[in-house]
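Chemist: Please find my_file.txt (compact mmCIF, C-alpha atoms and all ligand atoms) on the next line:
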```
# COMPACT_ATOMS: atom_id res chain seq x y z
CA MET A 1 -22.72 -66.50 23.62
CA ALA A 2 -24.77 -63.35 24.34
CA ALA A 3 -25.70 -61.17 21.37
CA LEU A 4 -23.86 -57.84 21.36
CA VAL A 5 -26.57 -56.00 19.50
CA ASN A 6 -30.13 -56.05 20.73
CA GLN A 7 -31.81 -53.37 18.67
CA LYS A 8 -35.04 -53.13 16.72
CA PRO A 9 -34.52 -53.32 12.97
CA PHE A 10 -35.45 -50.30 10.84
CA ARG A 11 -35.83 -52.04 7.49
CA LEU A 12 -35.10 -49.54 4.78
CA GLY A 13 -35.96 -49.31 1.09
CA MET A 14 -33.88 -46.64 -0.69
CA ILE A 15 -35.25 -45.21 -3.94
CA GLY A 16 -32.59 -43.51 -6.08
CA TYR A 17 -28.84 -44.10 -5.95
CA GLY A 18 -27.51 -40.68 -7.01
CA PHE A 19 -26.09 -37.89 -4.88
CA MET A 20 -28.68 -38.12 -2.12
CA GLY A 21 -29.03 -41.91 -2.32
CA ARG A 22 -25.35 -42.06 -1.36
CA ALA A 23 -25.44 -39.25 1.22
CA HIS A 24 -28.38 -40.85 3.05
CA THR A 25 -27.00 -44.39 2.84
CA ASN A 26 -23.77 -43.17 4.39
CA GLY A 27 -25.92 -41.78 7.22
CA TYR A 28 -27.83 -45.04 7.79
CA LYS A 29 -24.55 -46.97 7.86
CA ARG A 30 -22.81 -44.65 10.31
CA VAL A 31 -25.59 -43.66 12.68
CA ASN A 32 -25.34 -46.52 15.21
CA ASP A 33 -21.56 -46.14 15.42
CA PHE A 34 -21.95 -42.69 16.95
CA PHE A 35 -25.48 -42.54 18.46
CA ASP A 36 -26.95 -44.86 21.07
CA LEU A 37 -30.29 -45.82 19.53
CA GLU A 38 -33.08 -48.32 20.05
CA TYR A 39 -33.29 -48.88 16.28
CA ARG A 40 -30.68 -50.09 13.80
CA PRO A 41 -31.14 -49.42 10.07
CA VAL A 42 -31.07 -52.54 7.92
CA LEU A 43 -30.32 -51.80 4.25
CA LYS A 44 -32.97 -54.14 2.83
CA ALA A 45 -33.31 -52.93 -0.75
CA ALA A 46 -32.08 -50.30 -3.17
CA CYS A 47 -34.34 -49.29 -6.02
CA GLY A 48 -33.46 -47.71 -9.38
CA ARG A 49 -34.72 -48.10 -12.93
CA ASP A 50 -31.46 -49.47 -14.37
CA ALA A 51 -30.90 -52.99 -12.99
CA ASP A 52 -27.11 -53.07 -13.54
CA LYS A 53 -26.48 -49.67 -12.01
CA THR A 54 -28.78 -50.39 -9.08
CA ARG A 55 -27.02 -53.72 -8.49
CA ALA A 56 -23.62 -52.00 -8.57
CA PHE A 57 -24.85 -49.40 -6.05
CA ALA A 58 -26.36 -52.11 -3.81
CA LYS A 59 -23.10 -54.08 -3.88
CA ASN A 60 -20.91 -51.06 -3.08
CA TRP A 61 -23.06 -49.75 -0.27
CA GLY A 62 -24.24 -53.05 1.23
CA TYR A 63 -27.94 -53.34 0.35
CA GLU A 64 -29.32 -56.89 0.60
CA SER A 65 -31.40 -56.77 -2.59
CA VAL A 66 -32.47 -54.61 -5.53
CA GLU A 67 -35.74 -53.57 -7.15
CA THR A 68 -36.22 -51.80 -10.48
CA ASP A 69 -39.78 -50.61 -9.81
CA TRP A 70 -40.51 -48.56 -6.70
CA ARG A 71 -44.03 -50.09 -6.59
CA ALA A 72 -42.49 -53.53 -6.04
CA LEU A 73 -40.34 -52.09 -3.26
CA ILE A 74 -43.35 -50.57 -1.52
CA ALA A 75 -45.31 -53.83 -1.83
CA ARG A 76 -42.68 -55.74 0.15
CA ASP A 77 -43.56 -56.85 3.69
CA ASP A 78 -39.93 -56.70 4.80
CA ILE A 79 -39.65 -52.91 4.29
CA ASP A 80 -40.64 -50.57 7.16
CA ALA A 81 -39.50 -47.24 5.71
CA VAL A 82 -39.03 -45.76 2.27
CA ASP A 83 -36.45 -43.06 1.56
CA ILE A 84 -37.24 -41.00 -1.56
CA CYS A 85 -34.04 -39.76 -3.24
CA THR A 86 -35.41 -39.27 -6.73
CA PRO A 87 -36.15 -36.12 -8.78
CA ASN A 88 -38.87 -33.79 -7.54
CA ASN A 89 -41.59 -34.87 -9.99
CA THR A 90 -41.57 -38.40 -8.50
CA HIS A 91 -41.89 -37.48 -4.80
CA ALA A 92 -45.70 -37.22 -4.61
CA GLU A 93 -46.63 -40.46 -6.31
CA ILE A 94 -44.06 -42.50 -4.38
CA ALA A 95 -44.75 -40.85 -1.00
CA ILE A 96 -48.53 -41.23 -1.28
CA ALA A 97 -48.29 -44.89 -2.35
CA ALA A 98 -45.77 -45.63 0.41
CA ALA A 99 -47.93 -43.96 3.07
CA GLU A 100 -51.00 -45.86 1.88
CA ALA A 101 -48.98 -49.08 2.19
CA GLY A 102 -48.24 -48.14 5.82
CA LYS A 103 -44.55 -47.37 5.29
CA MET A 104 -42.70 -44.61 7.09
CA VAL A 105 -41.61 -41.99 4.55
CA LEU A 106 -38.41 -39.94 4.52
CA CYS A 107 -38.65 -37.67 1.50
CA GLU A 108 -36.09 -35.42 -0.14
CA LYS A 109 -36.80 -31.73 -0.59
CA PRO A 110 -38.55 -29.88 -2.05
CA LEU A 111 -41.53 -31.86 -0.79
CA ALA A 112 -43.51 -31.40 -4.01
CA MET A 113 -43.69 -29.70 -7.40
CA ASP A 114 -46.01 -27.05 -5.93
CA LEU A 115 -48.25 -26.28 -2.96
CA ALA A 116 -51.33 -28.03 -4.34
CA GLN A 117 -49.40 -31.25 -4.84
CA GLY A 118 -47.76 -30.87 -1.44
CA LYS A 119 -51.19 -30.66 0.18
CA THR A 120 -52.23 -34.00 -1.32
CA MET A 121 -49.04 -35.52 0.12
CA VAL A 122 -49.69 -34.10 3.59
CA GLU A 123 -53.27 -35.36 3.51
CA ALA A 124 -52.12 -38.86 2.52
CA ILE A 125 -49.34 -39.04 5.10
CA GLU A 126 -51.54 -37.75 7.92
CA ARG A 127 -54.43 -40.05 6.91
CA ALA A 128 -52.04 -43.00 7.06
CA GLY A 129 -50.54 -41.74 10.34
CA VAL A 130 -47.02 -42.87 9.39
CA PRO A 131 -43.85 -41.25 10.77
CA ASN A 132 -42.36 -38.90 8.19
CA THR A 133 -39.71 -36.28 7.62
CA VAL A 134 -38.34 -34.10 4.80
CA TRP A 135 -34.59 -33.79 4.29
CA TYR A 136 -33.96 -30.11 4.96
CA ASN A 137 -30.67 -31.23 6.41
CA TYR A 138 -29.05 -27.80 6.95
CA ARG A 139 -31.05 -27.48 10.19
CA ARG A 140 -28.73 -30.15 11.52
CA VAL A 141 -25.40 -28.48 10.85
CA PRO A 142 -24.28 -28.03 14.49
CA ALA A 143 -23.51 -24.32 13.93
CA VAL A 144 -27.00 -23.76 12.48
CA THR A 145 -28.62 -25.67 15.34
CA LEU A 146 -26.57 -23.48 17.71
CA ALA A 147 -27.92 -20.38 15.94
CA LYS A 148 -31.44 -21.66 16.67
CA GLN A 149 -30.51 -22.15 20.32
CA LEU A 150 -29.10 -18.62 20.64
CA ILE A 151 -32.19 -17.09 19.02
CA ASP A 152 -34.59 -19.14 21.17
CA GLU A 153 -32.69 -18.03 24.28
CA GLY A 154 -33.49 -14.45 23.25
CA ARG A 155 -29.83 -13.42 22.89
CA LEU A 156 -30.51 -11.46 19.71
CA GLY A 157 -33.53 -9.65 21.13
CA ARG A 158 -35.98 -8.28 18.62
CA ILE A 159 -34.97 -9.37 15.12
CA PHE A 160 -34.86 -6.71 12.39
CA HIS A 161 -33.23 -8.39 9.38
CA TYR A 162 -32.79 -11.85 7.85
CA ARG A 163 -30.55 -12.15 4.78
CA ALA A 164 -29.72 -15.35 2.89
CA ASN A 165 -27.88 -16.30 -0.31
CA PHE A 166 -27.35 -19.59 -2.12
CA LEU A 167 -24.93 -19.04 -4.99
CA GLN A 168 -23.59 -21.48 -7.58
CA ASP A 169 -22.01 -21.17 -11.04
CA TRP A 170 -22.41 -24.54 -12.78
CA THR A 171 -25.02 -23.75 -15.46
CA ILE A 172 -23.42 -20.70 -17.10
CA SER A 173 -22.44 -22.58 -20.30
CA ALA A 174 -25.20 -22.45 -22.93
CA ASP A 175 -23.90 -25.83 -24.19
CA LEU A 176 -25.01 -27.63 -21.04
CA PRO A 177 -28.04 -29.75 -21.95
CA GLN A 178 -31.17 -30.16 -19.83
CA GLY A 179 -32.93 -33.34 -18.70
CA GLY A 180 -31.92 -36.86 -17.71
CA ALA A 181 -29.34 -38.03 -15.18
CA GLY A 182 -27.83 -35.23 -13.16
CA LEU A 183 -29.36 -32.54 -15.39
CA TRP A 184 -33.03 -33.12 -14.50
CA ARG A 185 -32.63 -29.93 -12.36
CA LEU A 186 -32.66 -27.85 -15.56
CA ASP A 187 -35.84 -29.53 -16.85
CA VAL A 188 -38.94 -27.88 -15.42
CA ALA A 189 -41.03 -31.02 -15.97
CA ALA A 190 -38.77 -32.94 -13.55
CA ALA A 191 -37.75 -30.15 -11.17
CA GLY A 192 -40.88 -28.00 -10.93
CA SER A 193 -38.74 -24.85 -10.69
CA GLY A 194 -35.09 -23.86 -10.83
CA VAL A 195 -33.11 -22.28 -8.02
CA THR A 196 -36.32 -21.48 -6.12
CA GLY A 197 -37.22 -25.09 -5.33
CA ASP A 198 -33.66 -26.40 -5.44
CA LEU A 199 -31.67 -23.84 -3.44
CA LEU A 200 -33.94 -21.15 -2.00
CA ALA A 201 -36.14 -23.89 -0.52
CA HIS A 202 -33.20 -24.70 1.80
CA CYS A 203 -32.74 -21.02 2.70
CA ILE A 204 -36.48 -20.64 3.33
CA ASP A 205 -36.72 -23.75 5.51
CA THR A 206 -33.83 -22.53 7.67
CA ALA A 207 -35.28 -19.00 7.82
CA VAL A 208 -38.74 -20.09 8.90
CA TRP A 209 -37.22 -22.41 11.49
CA LEU A 210 -34.96 -19.67 12.90
CA ASN A 211 -37.13 -16.58 12.46
CA GLY A 212 -40.75 -17.70 12.05
CA SER A 213 -43.29 -17.48 9.25
CA ILE A 214 -42.96 -15.35 6.12
CA THR A 215 -46.20 -13.54 5.31
CA LYS A 216 -45.58 -11.77 1.98
CA VAL A 217 -42.97 -11.74 -0.77
CA CYS A 218 -41.89 -9.65 -3.75
CA ALA A 219 -39.69 -11.53 -6.22
CA MET A 220 -37.90 -11.40 -9.55
CA THR A 221 -36.56 -14.34 -11.53
CA GLU A 222 -34.53 -14.67 -14.71
CA THR A 223 -33.73 -17.48 -17.13
CA PHE A 224 -30.44 -16.40 -18.69
CA VAL A 225 -30.16 -19.31 -21.15
CA LYS A 226 -33.57 -19.59 -22.78
CA GLU A 227 -33.10 -22.80 -24.81
CA ARG A 228 -31.04 -25.91 -24.23
CA LYS A 229 -30.77 -29.29 -25.90
CA HIS A 230 -32.96 -31.81 -24.05
CA ASN A 231 -31.13 -35.06 -23.29
CA LEU A 232 -34.31 -37.16 -23.45
CA THR A 233 -35.66 -35.85 -26.78
CA GLY A 234 -32.39 -34.77 -28.45
CA LYS A 235 -34.12 -31.53 -29.50
CA ILE A 236 -33.44 -27.89 -28.58
CA GLU A 237 -36.21 -27.00 -26.13
CA LYS A 238 -37.30 -23.97 -24.14
CA VAL A 239 -35.84 -23.77 -20.62
CA GLY A 240 -38.71 -23.49 -18.14
CA ILE A 241 -36.79 -23.09 -14.89
CA ASP A 242 -35.63 -19.95 -13.10
CA ASP A 243 -31.82 -19.66 -13.33
CA ALA A 244 -31.80 -16.90 -10.70
CA CYS A 245 -34.28 -15.63 -8.15
CA SER A 246 -34.17 -12.76 -5.65
CA PHE A 247 -36.92 -11.80 -3.28
CA LEU A 248 -37.81 -9.42 -0.50
CA CYS A 249 -40.16 -10.57 2.23
CA ARG A 250 -41.83 -9.69 5.50
CA PHE A 251 -41.75 -12.06 8.45
CA GLU A 252 -44.64 -12.42 10.90
CA ASN A 253 -42.36 -11.11 13.70
CA GLY A 254 -41.98 -7.77 11.87
CA SER A 255 -38.49 -8.37 10.52
CA LEU A 256 -37.51 -7.85 6.86
CA GLY A 257 -36.00 -10.55 4.66
CA LEU A 258 -33.76 -10.49 1.59
CA PHE A 259 -32.97 -13.71 -0.32
CA GLU A 260 -30.93 -14.38 -3.44
CA SER A 261 -30.08 -17.53 -5.34
CA THR A 262 -28.45 -18.12 -8.72
CA ARG A 263 -26.45 -20.68 -10.65
CA TYR A 264 -24.68 -17.81 -12.48
CA ALA A 265 -22.43 -16.41 -9.73
CA ARG A 266 -19.04 -17.17 -11.28
CA GLY A 267 -16.65 -18.45 -8.64
CA HIS A 268 -19.25 -19.76 -6.20
CA LYS A 269 -19.98 -23.49 -5.92
CA ALA A 270 -22.40 -23.81 -3.01
CA LEU A 271 -22.17 -20.55 -1.11
CA TYR A 272 -25.10 -20.80 1.27
CA THR A 273 -24.88 -17.95 3.78
CA PHE A 274 -27.28 -16.27 6.15
CA GLU A 275 -27.07 -13.28 8.49
CA ILE A 276 -29.55 -12.26 11.16
CA ASN A 277 -29.46 -8.82 12.81
CA GLY A 278 -31.17 -8.36 16.15
CA GLU A 279 -31.50 -5.59 18.67
CA HIS A 280 -28.67 -6.92 20.87
CA ALA A 281 -26.74 -9.29 18.66
CA SER A 282 -26.16 -10.59 15.14
CA ILE A 283 -25.35 -14.01 13.72
CA LYS A 284 -23.67 -15.04 10.46
CA TRP A 285 -23.15 -18.51 8.94
CA ASP A 286 -21.46 -19.76 5.78
CA LEU A 287 -21.72 -23.29 4.35
CA HIS A 288 -18.12 -23.08 3.03
CA ASP A 289 -17.02 -22.77 6.66
CA LEU A 290 -19.90 -24.73 8.14
CA HIS A 291 -18.40 -25.57 11.53
CA ARG A 292 -18.14 -21.89 12.50
CA LEU A 293 -20.83 -19.50 13.72
CA GLN A 294 -20.06 -15.78 13.68
CA TYR A 295 -21.61 -13.92 16.61
CA PHE A 296 -21.55 -10.25 17.60
CA ASP A 297 -23.03 -9.12 20.92
CA HIS A 298 -23.43 -5.39 21.53
CA ARG A 299 -23.73 -6.03 25.28
CA ASP A 300 -20.05 -7.00 25.51
CA ASP A 301 -17.73 -4.41 27.10
CA SER A 302 -16.90 -1.92 24.37
CA ILE A 303 -13.14 -2.51 24.55
CA VAL A 304 -13.53 -6.21 23.69
CA ARG A 305 -16.66 -5.92 21.56
CA GLY A 306 -16.37 -7.50 18.10
CA TRP A 307 -17.36 -10.43 15.92
CA ARG A 308 -16.56 -13.79 17.52
CA SER A 309 -15.88 -16.79 15.33
CA ILE A 310 -17.27 -19.68 17.36
CA HIS A 311 -15.68 -23.01 16.44
CA VAL A 312 -18.67 -25.31 16.97
CA THR A 313 -16.82 -28.43 18.10
CA ASP A 314 -17.19 -28.57 21.89
CA GLY A 315 -19.12 -31.39 23.54
CA ASP A 316 -21.79 -29.03 24.90
CA MET A 317 -22.60 -27.75 21.42
CA PRO A 318 -25.39 -29.36 19.36
CA TYR A 319 -24.63 -32.95 18.26
CA MET A 320 -20.88 -32.58 18.95
CA LYS A 321 -20.66 -34.86 21.99
CA HIS A 322 -21.34 -37.76 19.62
CA TRP A 323 -18.25 -37.10 17.52
CA TRP A 324 -14.57 -36.50 18.20
CA VAL A 325 -12.82 -34.36 20.79
CA PRO A 326 -13.21 -30.56 21.13
CA GLY A 327 -11.46 -28.70 18.32
CA LEU A 328 -12.05 -31.39 15.68
CA GLN A 329 -14.72 -30.49 13.20
CA ILE A 330 -17.26 -32.50 11.24
CA GLY A 331 -18.79 -31.79 7.82
CA TYR A 332 -21.64 -31.97 5.33
CA GLU A 333 -22.32 -35.72 5.45
CA HIS A 334 -22.87 -35.60 9.21
CA THR A 335 -26.06 -33.54 8.77
CA PHE A 336 -27.70 -36.65 7.29
CA VAL A 337 -26.42 -38.81 10.16
CA HIS A 338 -27.99 -36.28 12.55
CA GLN A 339 -31.35 -36.32 10.82
CA ILE A 340 -31.44 -40.13 10.90
CA ALA A 341 -30.37 -40.16 14.57
CA ASP A 342 -33.15 -37.70 15.42
CA PHE A 343 -35.69 -39.65 13.36
CA LEU A 344 -34.85 -42.94 15.07
CA THR A 345 -34.78 -41.35 18.54
CA ASN A 346 -38.18 -39.76 17.94
CA LEU A 347 -39.53 -43.00 16.47
CA ALA A 348 -38.63 -44.83 19.69
CA GLN A 349 -40.43 -42.12 21.69
CA GLY A 350 -43.45 -41.87 19.36
CA GLN A 351 -42.56 -38.27 18.50
CA PRO A 352 -42.53 -36.54 15.07
CA THR A 353 -39.26 -35.43 13.46
CA ALA A 354 -39.16 -31.90 12.09
CA PRO A 355 -39.43 -30.89 9.39
CA THR A 356 -42.42 -33.16 8.88
CA PHE A 357 -44.36 -33.16 5.60
CA ARG A 358 -46.67 -30.54 7.14
CA ASP A 359 -43.70 -28.35 8.19
CA ALA A 360 -42.25 -28.61 4.69
CA LEU A 361 -45.57 -27.46 3.21
CA GLU A 362 -44.87 -23.97 4.55
CA THR A 363 -41.67 -23.77 2.47
CA GLN A 364 -43.68 -24.97 -0.51
CA ALA A 365 -46.25 -22.20 0.04
CA ILE A 366 -43.47 -19.58 0.18
CA CYS A 367 -41.81 -20.94 -3.00
CA ASP A 368 -45.18 -20.77 -4.77
CA ALA A 369 -45.72 -17.17 -3.62
CA VAL A 370 -42.18 -16.25 -4.79
CA LEU A 371 -42.76 -17.72 -8.26
CA ASP A 372 -46.23 -16.11 -8.46
CA SER A 373 -44.78 -12.72 -7.50
CA ALA A 374 -42.10 -13.00 -10.19
CA GLU A 375 -44.92 -13.56 -12.71
CA THR A 376 -47.26 -10.82 -11.49
CA ASN A 377 -44.53 -8.26 -10.63
CA GLN A 378 -46.41 -7.61 -7.41
CA TRP A 379 -46.19 -8.42 -3.72
CA GLU A 380 -47.94 -11.75 -3.02
CA ASN A 381 -49.30 -13.04 0.27
CA VAL A 382 -48.08 -16.45 1.40
CA VAL A 383 -50.94 -18.94 1.86
CA PRO A 384 -50.90 -19.71 5.60
CA ILE A 385 -50.38 -23.35 6.59
CA VAL A 386 -52.40 -24.33 9.65
N1 LIG A 401 -31.06 -32.21 1.03
C1 LIG A 401 -30.18 -31.78 0.16
O1 LIG A 401 -29.27 -31.04 0.48
C2 LIG A 401 -30.28 -32.20 -1.28
C3 LIG A 401 -29.14 -32.15 -2.12
C4 LIG A 401 -29.26 -32.62 -3.42
C5 LIG A 401 -30.48 -33.10 -3.87
N2 LIG A 401 -31.59 -33.07 -3.07
C6 LIG A 401 -32.88 -33.61 -3.53
O2 LIG A 401 -32.77 -35.02 -3.62
C7 LIG A 401 -33.50 -35.52 -4.73
C8 LIG A 401 -32.57 -36.32 -5.63
O3 LIG A 401 -31.50 -35.48 -6.05
P1 LIG A 401 -30.05 -36.05 -6.41
O4 LIG A 401 -29.12 -34.89 -6.43
O5 LIG A 401 -29.74 -37.21 -5.55
O6 LIG A 401 -30.33 -36.52 -7.90
P2 LIG A 401 -29.48 -37.54 -8.77
O7 LIG A 401 -29.77 -37.19 -10.19
O8 LIG A 401 -28.06 -37.60 -8.31
O9 LIG A 401 -30.15 -38.95 -8.42
C9 LIG A 401 -31.50 -39.22 -8.71
C10 LIG A 401 -31.72 -40.71 -8.64
O10 LIG A 401 -33.10 -41.00 -8.88
C11 LIG A 401 -33.19 -42.09 -9.80
N3 LIG A 401 -34.53 -42.07 -10.39
C12 LIG A 401 -35.09 -41.15 -11.18
N4 LIG A 401 -36.37 -41.48 -11.46
C13 LIG A 401 -36.61 -42.66 -10.82
C14 LIG A 401 -37.76 -43.52 -10.71
N5 LIG A 401 -38.89 -43.25 -11.35
N6 LIG A 401 -37.64 -44.66 -9.97
C15 LIG A 401 -36.49 -44.95 -9.33
N7 LIG A 401 -35.38 -44.17 -9.39
C16 LIG A 401 -35.45 -43.04 -10.14
C17 LIG A 401 -32.03 -41.83 -10.75
O11 LIG A 401 -31.70 -42.96 -11.51
C18 LIG A 401 -30.95 -41.47 -9.72
O12 LIG A 401 -30.40 -42.64 -9.11
C19 LIG A 401 -34.13 -34.30 -5.40
O13 LIG A 401 -35.45 -34.14 -4.94
C20 LIG A 401 -33.27 -33.14 -4.91
O14 LIG A 401 -33.96 -31.90 -4.86
C21 LIG A 401 -31.49 -32.65 -1.79
```
Render the structure in this file as structure tokens.

Modeler:
Amino acid sequence: MAALVNQKPFRLGMIGYGFMGRAHTNGYKRVNDFFDLEYRPVLKAACGRDADKTRAFAKNWGYESVETDWRALIARDDIDAVDICTPNNTHAEIAIAAAEAGKMVLCEKPLAMDLAQGKTMVEAIERAGVPNTVWYNYRRVPAVTLAKQLIDEGRLGRIFHYRANFLQDWTISADLPQGGAGLWRLDVAAAGSGVTGDLLAHCIDTAVWLNGSITKVCAMTETFVKERKHNLTGKIEKVGIDDACSFLCRFENGSLGLFESTRYARGHKALYTFEINGEHASIKWDLHDLHRLQYFDHRDDSIVRGWRSIHVTDGDMPYMKHWWVPGLQIGYEHTFVHQIADFLTNLAQGQPTAPTFRDALETQAICDAVLDSAETNQWENVVPIV
């Protein structure tokens, strides 16, 4: 009997089984159902520090084995690629060790705790010459990819303004502790920063991709709740993260940027929006309505001129021919499927998958400049990434 599947295995080791561990695993499991690829992910091992919880995750999601130490996972000969879905303070050590062991590395964002650490990661990954990518997955929302296409086609003309927000409201209670499972985001030692590295990093990655480099920034941050109980020590400790951050910036193309992120915008859960205003046309996008792109073109006849709400579901729109029929939308989890599909396609062709570690370093440099500016109360230049 002839084998139905004749694909190269992509033997995966997943580190972390939380939110992203699940979102990525869903992507690896689904990708060959919808994309025609030379490679097929094989869920070789899941890694977490708690053996029982890791085993439960591996059983639910179909991993063949478990490890409780990421070093043991990286040492295995039957693992080709390592996916880092752990808190930010662990990315560098794992990524560098994995690259030195010759593994491909798919790393969650933000790449690093800061620019200096990010540089050591880029050096290690480029020295090892292993395929790599960083999970700035919003690039692969079809409507956002369509925005990129419209901009690259020159439909907007000269760009004047770029505006982005990422608003949440889940840390308003002063009783919420910091540190440990789920709440490591409030602990500066694990997260590196607050909304800047967690949320604005996404906005910045999309902005640089759509509108080019940011050259200088002027920022303010605030920590509204100054002390919280720390889950790991049981003590009340100072909060070191930024709860909110707003910044102005200049782009290399001459346009002006305005960014805001907070976890104190009552009523908003994950309101990531951006708007771009060009000479001929403008674009707006909203994560809460992620399958739509709003487009206004001044060149339309005046009697029908107005904002169009483009339902990004047709087969000739980015990624959509792989899914259902026109008119039926897809969602958040599909962005991870898309990034894996692109990674495996590029792997087969010997091409890099953006954003690479080096691409993600630019976002890191901008986050550093934003946090520096909030400290100095001055405009700060962004360190250029060559
Ligand atoms: N791309 C996105 O949209 C997106 C969304 C959420 C989170 N993230 C990023 O993904 C990463 C993980 O975030 P999350 O929300 O999944 O966190 P989470 O708290 O849900 O899960 C973190 C996982 O890491 C494990 N872990 C922690 N330290 C470990 C270690 N030393 N060895 C092995 N496992 C360890 C934890 O047990 C847990 O399973 C972070 O870097 C975060 O910034 C990205």

Chemist: Tell me which protein, DNA and RNA residues are within 8 Å of A:Ile84, counting only C-alpha atoms, leaving out same-chain ones fewer than 6 positions away, and put them as a PyMOL selection string.

Modeler: chain A and resi 14-16+91+94-95+105-108

Chemist: Export, as a short mmCIF file (atom, residue, chain, number, x, y, z; two decimals), in the frame of the given file, the selected residues with C-alpha atoms.

Modeler:
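See result.cif below for the written result:
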```
data_model
loop_
_atom_site.label_atom_id
_atom_site.label_comp_id
_atom_site.auth_asym_id
_atom_site.auth_seq_id
_atom_site.Cartn_x
_atom_site.Cartn_y
_atom_site.Cartn_z
CA MET A 14 -33.88 -46.64 -0.69
CA ILE A 15 -35.25 -45.21 -3.94
CA GLY A 16 -32.59 -43.51 -6.08
CA HIS A 91 -41.89 -37.48 -4.80
CA ILE A 94 -44.06 -42.50 -4.38
CA ALA A 95 -44.75 -40.85 -1.00
CA VAL A 105 -41.61 -41.99 4.55
CA LEU A 106 -38.41 -39.94 4.52
CA CYS A 107 -38.65 -37.67 1.50
CA GLU A 108 -36.09 -35.42 -0.14
#
```

Chemist: Output the neighbourhood of ligand LIG 401 (chain A) as a PyMOL selection string, that is, all protein and nucleic acid residues with some atom at most 9 Å from the ligand, counting only C-alpha atoms and all ligand atoms.

Modeler: chain A and resi 15-23+47-50+53-54+67-70+84-91+94+107-112+134-138+180-185+191+197-199+202+336

Chemist: Which residue gives the smallest distance to A:Ser173 among A:Met121, A:Ala207, A:Thr313, A:Tyr264, with all atoms listed in the file counted?

Modeler: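 Ranked by minimum distance to A:Ser173, first place goes to A:Tyr264.
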
Chemist: Could the residues of stretch 151-249 of chain A that have an atom at most 12 Å from stretch 292-302 of chain A be listed as a tab-separated table, each with its closest atom pair and the distance in Å to one decimal, counting all atoms listed in the file and ordered by chain and ascending residue number?

Modeler:
```
residue	atom	partner	partner_atom	distance
A:Ile151	CA	A:Tyr295	CA	11.3
A:Gly154	CA	A:Asp297	CA	12.0
A:Arg155	CA	A:Asp297	CA	8.3
A:Leu156	CA	A:Asp297	CA	7.9
A:Gly157	CA	A:Asp297	CA	10.5
```

Chemist: How many Å separate atom CA of A:Arg30 from atom CA of A:Trp323?

Modeler: 11.4 Å

Chemist: Between A:Ile310, A:Trp209, A:Asp316, A:Arg263, which residue has the minimum interatomic distance to A:Asp152, considering only C-alpha atoms?

Modeler: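 Using only C-alpha atoms, the shortest distance to A:Asp152 belongs to A:Trp209.
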
Chemist: Between A:Gly267, A:Gly234, A:Pro355, A:Gly257, which one has atoms that come closest to A:Ile172, using only C-alpha atoms?

Modeler: A:Gly267

Chemist: Rank nothing, just name the residue among A:Arg250, A:His338, A:His322, A:His230 nearest to A:Val217, using all atoms listed in the file.

Modeler: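 Checking each of A:Arg250, A:His338, A:His322, A:His230 against A:Val217, counting all atoms listed in the file, the winner is A:Arg250.
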
Chemist: Under the rule that only C-alpha atoms are counted, which of A:Asn231, A:Asn253, A:Thr145, A:Thr196 is the nearest residue to A:Met317?

Modeler: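 Going through A:Asn231, A:Asn253, A:Thr145, A:Thr196 one by one, the smallest distance to A:Met317 is for A:Thr145.
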
Chemist: Please report the interatomic distance between atom CA of A:Ala354 and atom CA of A:Tyr63 in Å with one decimal.

Modeler: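 Atom CA of A:Tyr63 lies 26.9 Å from atom CA of A:Ala354.
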
Chemist: What is the distance between atom CA of A:Gly102 and atom CA of A:Glu126, in Å to one decimal?

Modeler: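 About the pair atom CA of A:Gly102 and atom CA of A:Glu126: they are 11.1 Å apart.
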
Chemist: Find the spatial neighbours of stretch 381-384 of chain A, counting all atoms listed in the file, within a cut-off of 10 Å - ignore same-chain residues fewer than 6 positions away - and output them as a list in words.

Modeler: Leu115, Ser213, Ile214, Thr215, Lys216, Val217, Cys218, Cys249, Arg250, Leu361, Glu362, Thr363, Gln364, Ala365, Ile366, Cys367, Asp368, Ala369, Val370, Asp372 and Ser373 of chain A

Chemist: Can you list, as a list of chain:residue names, every protein, DNA or RNA residue that comes within 12 Å of A:Asp36 when you count all atoms listed in the file, leaving out same-chain residues fewer than 5 positions away?

Modeler: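 In the requested form, the answer reads A:Val5, A:Asn6, A:Gln7, A:Arg30, A:Val31, A:Lys321, A:His322, A:Ala341, A:Asp342, A:Leu344, A:Thr345, A:Ala348.
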
Chemist: The selected residues should be written to file as a compact mmCIF listing (two decimals), in the coordinates of the input (atoms: C-alpha atoms).

Modeler:
```
# COMPACT_ATOMS: atom_id res chain seq x y z
CA VAL A 5 -26.57 -56.00 19.50
CA ASN A 6 -30.13 -56.05 20.73
CA GLN A 7 -31.81 -53.37 18.67
CA ARG A 30 -22.81 -44.65 10.31
CA VAL A 31 -25.59 -43.66 12.68
CA LYS A 321 -20.66 -34.86 21.99
CA HIS A 322 -21.34 -37.76 19.62
CA ALA A 341 -30.37 -40.16 14.57
CA ASP A 342 -33.15 -37.70 15.42
CA LEU A 344 -34.85 -42.94 15.07
CA THR A 345 -34.78 -41.35 18.54
CA ALA A 348 -38.63 -44.83 19.69
```

Chemist: Return the single residue from A:Leu186, A:Ile340, A:Ala374, A:Ala164 that is closest to A:Ala201, with distances computed using all atoms listed in the file.

Modeler: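 Nearest to A:Ala201: A:Ala164.
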
Chemist: Using all atoms listed in the file, determine which residues lie at most 6 Å from stretch 270-273 of chain A, disregarding the query and same-chain residues fewer than 5 positions distant; provide the list as a ChimeraX atom specification.

Modeler: /A:164-168,285-287
